[in-house]
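> The file below is structure_33.pdb, PDB, C-alpha atoms:
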```
ATOM      1  CA  MET A   6      -3.269  -0.725  16.183  1.00  0.00           C
ATOM      2  CA  ALA A   7      -1.420  -1.649  12.988  1.00  0.00           C
ATOM      3  CA  ASP A   8      -1.759  -5.128  11.569  1.00  0.00           C
ATOM      4  CA  GLN A   9       0.992  -7.546  12.597  1.00  0.00           C
ATOM      5  CA  ARG A  10       2.582  -7.508   9.128  1.00  0.00           C
ATOM      6  CA  ASP A  11       4.699  -5.332   6.927  1.00  0.00           C
ATOM      7  CA  PHE A  12       2.636  -3.191   4.588  1.00  0.00           C
ATOM      8  CA  GLN A  13       3.422  -3.328   0.880  1.00  0.00           C
ATOM      9  CA  VAL A  14       3.047  -0.902  -2.002  1.00  0.00           C
ATOM     10  CA  GLY A  15      -0.465  -1.368  -3.374  1.00  0.00           C
ATOM     11  CA  ASP A  16      -2.095  -2.344  -0.057  1.00  0.00           C
ATOM     12  CA  ARG A  17      -5.436  -0.684   0.697  1.00  0.00           C
ATOM     13  CA  VAL A  18      -5.490   0.565   4.289  1.00  0.00           C
ATOM     14  CA  GLN A  19      -7.881   2.377   6.598  1.00  0.00           C
ATOM     15  CA  HIS A  20      -7.007   5.085   9.112  1.00  0.00           C
ATOM     16  CA  PRO A  21      -9.493   6.118  11.835  1.00  0.00           C
ATOM     17  CA  GLU A  22      -9.258   9.821  10.960  1.00  0.00           C
ATOM     18  CA  PHE A  23      -8.178   9.951   7.294  1.00  0.00           C
ATOM     19  CA  GLY A  24     -10.282   7.039   5.988  1.00  0.00           C
ATOM     20  CA  ASP A  25      -9.288   4.643   3.206  1.00  0.00           C
ATOM     21  CA  GLY A  26      -6.034   4.960   1.336  1.00  0.00           C
ATOM     22  CA  LEU A  27      -3.521   3.278  -0.949  1.00  0.00           C
ATOM     23  CA  VAL A  28       0.080   2.600   0.104  1.00  0.00           C
ATOM     24  CA  LEU A  29       2.373   4.287  -2.447  1.00  0.00           C
ATOM     25  CA  GLU A  30       5.735   3.806  -0.738  1.00  0.00           C
ATOM     26  CA  THR A  31       7.210   1.875   2.191  1.00  0.00           C
ATOM     27  CA  ARG A  32      10.417   2.364   4.155  1.00  0.00           C
ATOM     28  CA  GLY A  33      11.715   0.153   6.942  1.00  0.00           C
ATOM     29  CA  LYS A  34      10.102  -2.874   8.563  1.00  0.00           C
ATOM     30  CA  GLY A  35       7.868  -3.598  11.536  1.00  0.00           C
ATOM     31  CA  ASP A  36       7.464  -0.807  14.076  1.00  0.00           C
ATOM     32  CA  GLN A  37      10.188   1.204  12.326  1.00  0.00           C
ATOM     33  CA  ALA A  38       8.246   1.281   9.038  1.00  0.00           C
ATOM     34  CA  ALA A  39       7.032   4.499   7.476  1.00  0.00           C
ATOM     35  CA  LEU A  40       4.484   4.695   4.675  1.00  0.00           C
ATOM     36  CA  LEU A  41       3.423   7.198   2.064  1.00  0.00           C
ATOM     37  CA  VAL A  42      -0.343   6.768   1.706  1.00  0.00           C
ATOM     38  CA  SER A  43      -2.666   8.448  -0.774  1.00  0.00           C
ATOM     39  CA  PHE A  44      -6.032   8.758   0.919  1.00  0.00           C
ATOM     40  CA  ASP A  45      -9.378   8.954  -0.861  1.00  0.00           C
ATOM     41  CA  ASP A  46      -9.429  12.733  -0.299  1.00  0.00           C
ATOM     42  CA  LYS A  47      -6.412  12.834  -2.711  1.00  0.00           C
ATOM     43  CA  VAL A  48      -4.027  13.950   0.050  1.00  0.00           C
ATOM     44  CA  LYS A  49      -0.739  12.060   0.416  1.00  0.00           C
ATOM     45  CA  ARG A  50       0.459  11.583   3.979  1.00  0.00           C
ATOM     46  CA  LYS A  51       3.649  10.134   5.445  1.00  0.00           C
ATOM     47  CA  LEU A  52       2.790   7.947   8.403  1.00  0.00           C
ATOM     48  CA  ALA A  53       4.810   5.991  10.961  1.00  0.00           C
ATOM     49  CA  VAL A  54       3.238   2.524  11.186  1.00  0.00           C
ATOM     50  CA  ARG A  55       3.988   2.450  14.901  1.00  0.00           C
ATOM     51  CA  PHE A  56       1.579   5.339  15.586  1.00  0.00           C
ATOM     52  CA  ALA A  57      -0.785   5.383  12.604  1.00  0.00           C
ATOM     53  CA  LYS A  58      -3.396   2.828  13.785  1.00  0.00           C
ATOM     54  CA  LEU A  59      -3.770   1.471  10.248  1.00  0.00           C
ATOM     55  CA  THR A  60      -5.911  -1.504   9.339  1.00  0.00           C
ATOM     56  CA  LEU A  61      -5.289  -3.553   6.223  1.00  0.00           C
ATOM     57  CA  VAL A  62      -8.419  -3.438   4.033  1.00  0.00           C
ATOM     58  CA  ALA A  63      -7.086  -5.350   1.001  1.00  0.00           C
ATOM     59  CA  PRO A  64      -3.597  -6.657   0.252  1.00  0.00           C
ATOM     60  CA  ALA A  65      -1.778  -5.562  -2.884  1.00  0.00           C
ATOM     61  CA  GLN A  66      -2.776  -7.537  -5.936  1.00  0.00           C
ATOM     62  CA  THR A  67       0.043  -9.290  -7.701  1.00  0.00           C
ATOM     63  CA  ARG A  68       0.348  -8.463 -11.356  1.00  0.00           C
ATOM     64  CA  GLU A  69       0.572 -11.065 -14.081  1.00  0.00           C
ATOM     65  CA  PRO A  70       3.910 -11.049 -15.891  1.00  0.00           C
ATOM     66  CA  PRO A  71       3.737  -9.349 -19.277  1.00  0.00           C
ATOM     67  CA  ARG A  72       3.003 -11.621 -22.204  1.00  0.00           C
ATOM     68  CA  PRO A  73       5.672 -11.988 -24.894  1.00  0.00           C
ATOM     69  CA  PRO A  74       4.869 -10.210 -28.163  1.00  0.00           C
ATOM     70  CA  ARG A  75       3.097 -12.250 -30.817  1.00  0.00           C
ATOM     71  CA  PRO A  76       5.153 -13.207 -33.855  1.00  0.00           C
ATOM     72  CA  PRO A  77       4.116 -11.417 -37.046  1.00  0.00           C
ATOM     73  CA  ARG A  78       1.622 -13.223 -39.254  1.00  0.00           C
ATOM     74  CA  GLY A  79       2.510 -14.360 -42.687  1.00  0.00           C
TER      75      GLY A  79
END
```
What's the structure tokens form of this structure?


Amino acid sequence: MADQRDFQVGDRVQHPEFGDGLVLETRGKGDQAALLVSFDDKVKRKLAVRFAKLTLVAPAQTREPPRPPRPPRG
């Protein structure tokens, strides 16, 4: 059964047949959501969350905002 949350790009997930993967794209919400997942075997699969039996392994990590450029010395 899928976790009771919306998956996000960057989430690490596990599928009982395909193994571990990384969410590359999401469409829709809840049971209507579809994901594009790149699994560790390097195969990308489109999955309907409603049927995929995915488990969240690790949530997406938030990135730090880029630092402003340093002013030139001198």

> What is the distance between CA of Pro64 (chain A) and CA of Leu40 (chain A), in Å to one decimal?

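Here the two named atoms are 14.6 Å from each other.
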
> Using all atoms listed in the file, which of the listed residues (A:Ala53, A:Leu59, A:Val18, A:Val28) sits closest to Leu41 (chain A)?

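Looking at the shortest contact to Leu41 (chain A), the residue is A:Val28.
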
> Please list as a list of chain:residue names every residue within 9 Å of Arg17 (chain A), counting all atoms listed in the file and excluding residues in the same chain fewer than 5 positions away.

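Using all atoms listed in the file, the neighbours found are A:Asp25, A:Gly26, A:Leu27, A:Val28, A:Thr60, A:Leu61, A:Val62, A:Ala63, A:Pro64, A:Ala65.
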
> Report as a compact mmCIF listing (two decimals) with C-alpha atoms, keeping the file's coordinate frame the residues that result from applying the PyMOL selection byres ((chain A and resi 37) around 8) to the structure here.


```txt
# COMPACT_ATOMS: atom_id res chain seq x y z
CA GLY A 33 11.72 0.15 6.94
CA LYS A 34 10.10 -2.87 8.56
CA GLY A 35 7.87 -3.60 11.54
CA ASP A 36 7.46 -0.81 14.08
CA ALA A 38 8.25 1.28 9.04
CA ALA A 39 7.03 4.50 7.48
CA ALA A 53 4.81 5.99 10.96
CA VAL A 54 3.24 2.52 11.19
CA ARG A 55 3.99 2.45 14.90
```

> How many Å lie between CA of Lys49 (chain A) and CA of Thr31 (chain A), rounded to one decimal?

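Computing it gives 13.0 Å between the two atoms.
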
> Using all atoms listed in the file, which of the listed residues (A:Arg32, A:Lys51, A:Lys58, A:Arg78) sits closest to Val14 (chain A)?

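Of A:Arg32, A:Lys51, A:Lys58, A:Arg78, the one nearest Val14 (chain A), counting all atoms listed in the file, is A:Arg32.
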
> Measuring between all atoms listed in the file, which one of A:Pro76, A:Arg50, A:Gln66, A:Asp45 shows the shortest distance to Gly15 (chain A)?

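Using all atoms listed in the file, the shortest distance to Gly15 (chain A) belongs to A:Gln66.
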
> Of the candidates A:Arg75, A:Ala57, A:Val42, A:Leu52, which one gets nearest to Pro21 (chain A) if we count all atoms listed in the file?

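Result for the nearest residue to Pro21 (chain A): A:Ala57.
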
> Would you work out the distance separating CA of Leu29 (chain A) from CA of Val48 (chain A), expressed in Å to one decimal?

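A separation of 11.9 Å between them.
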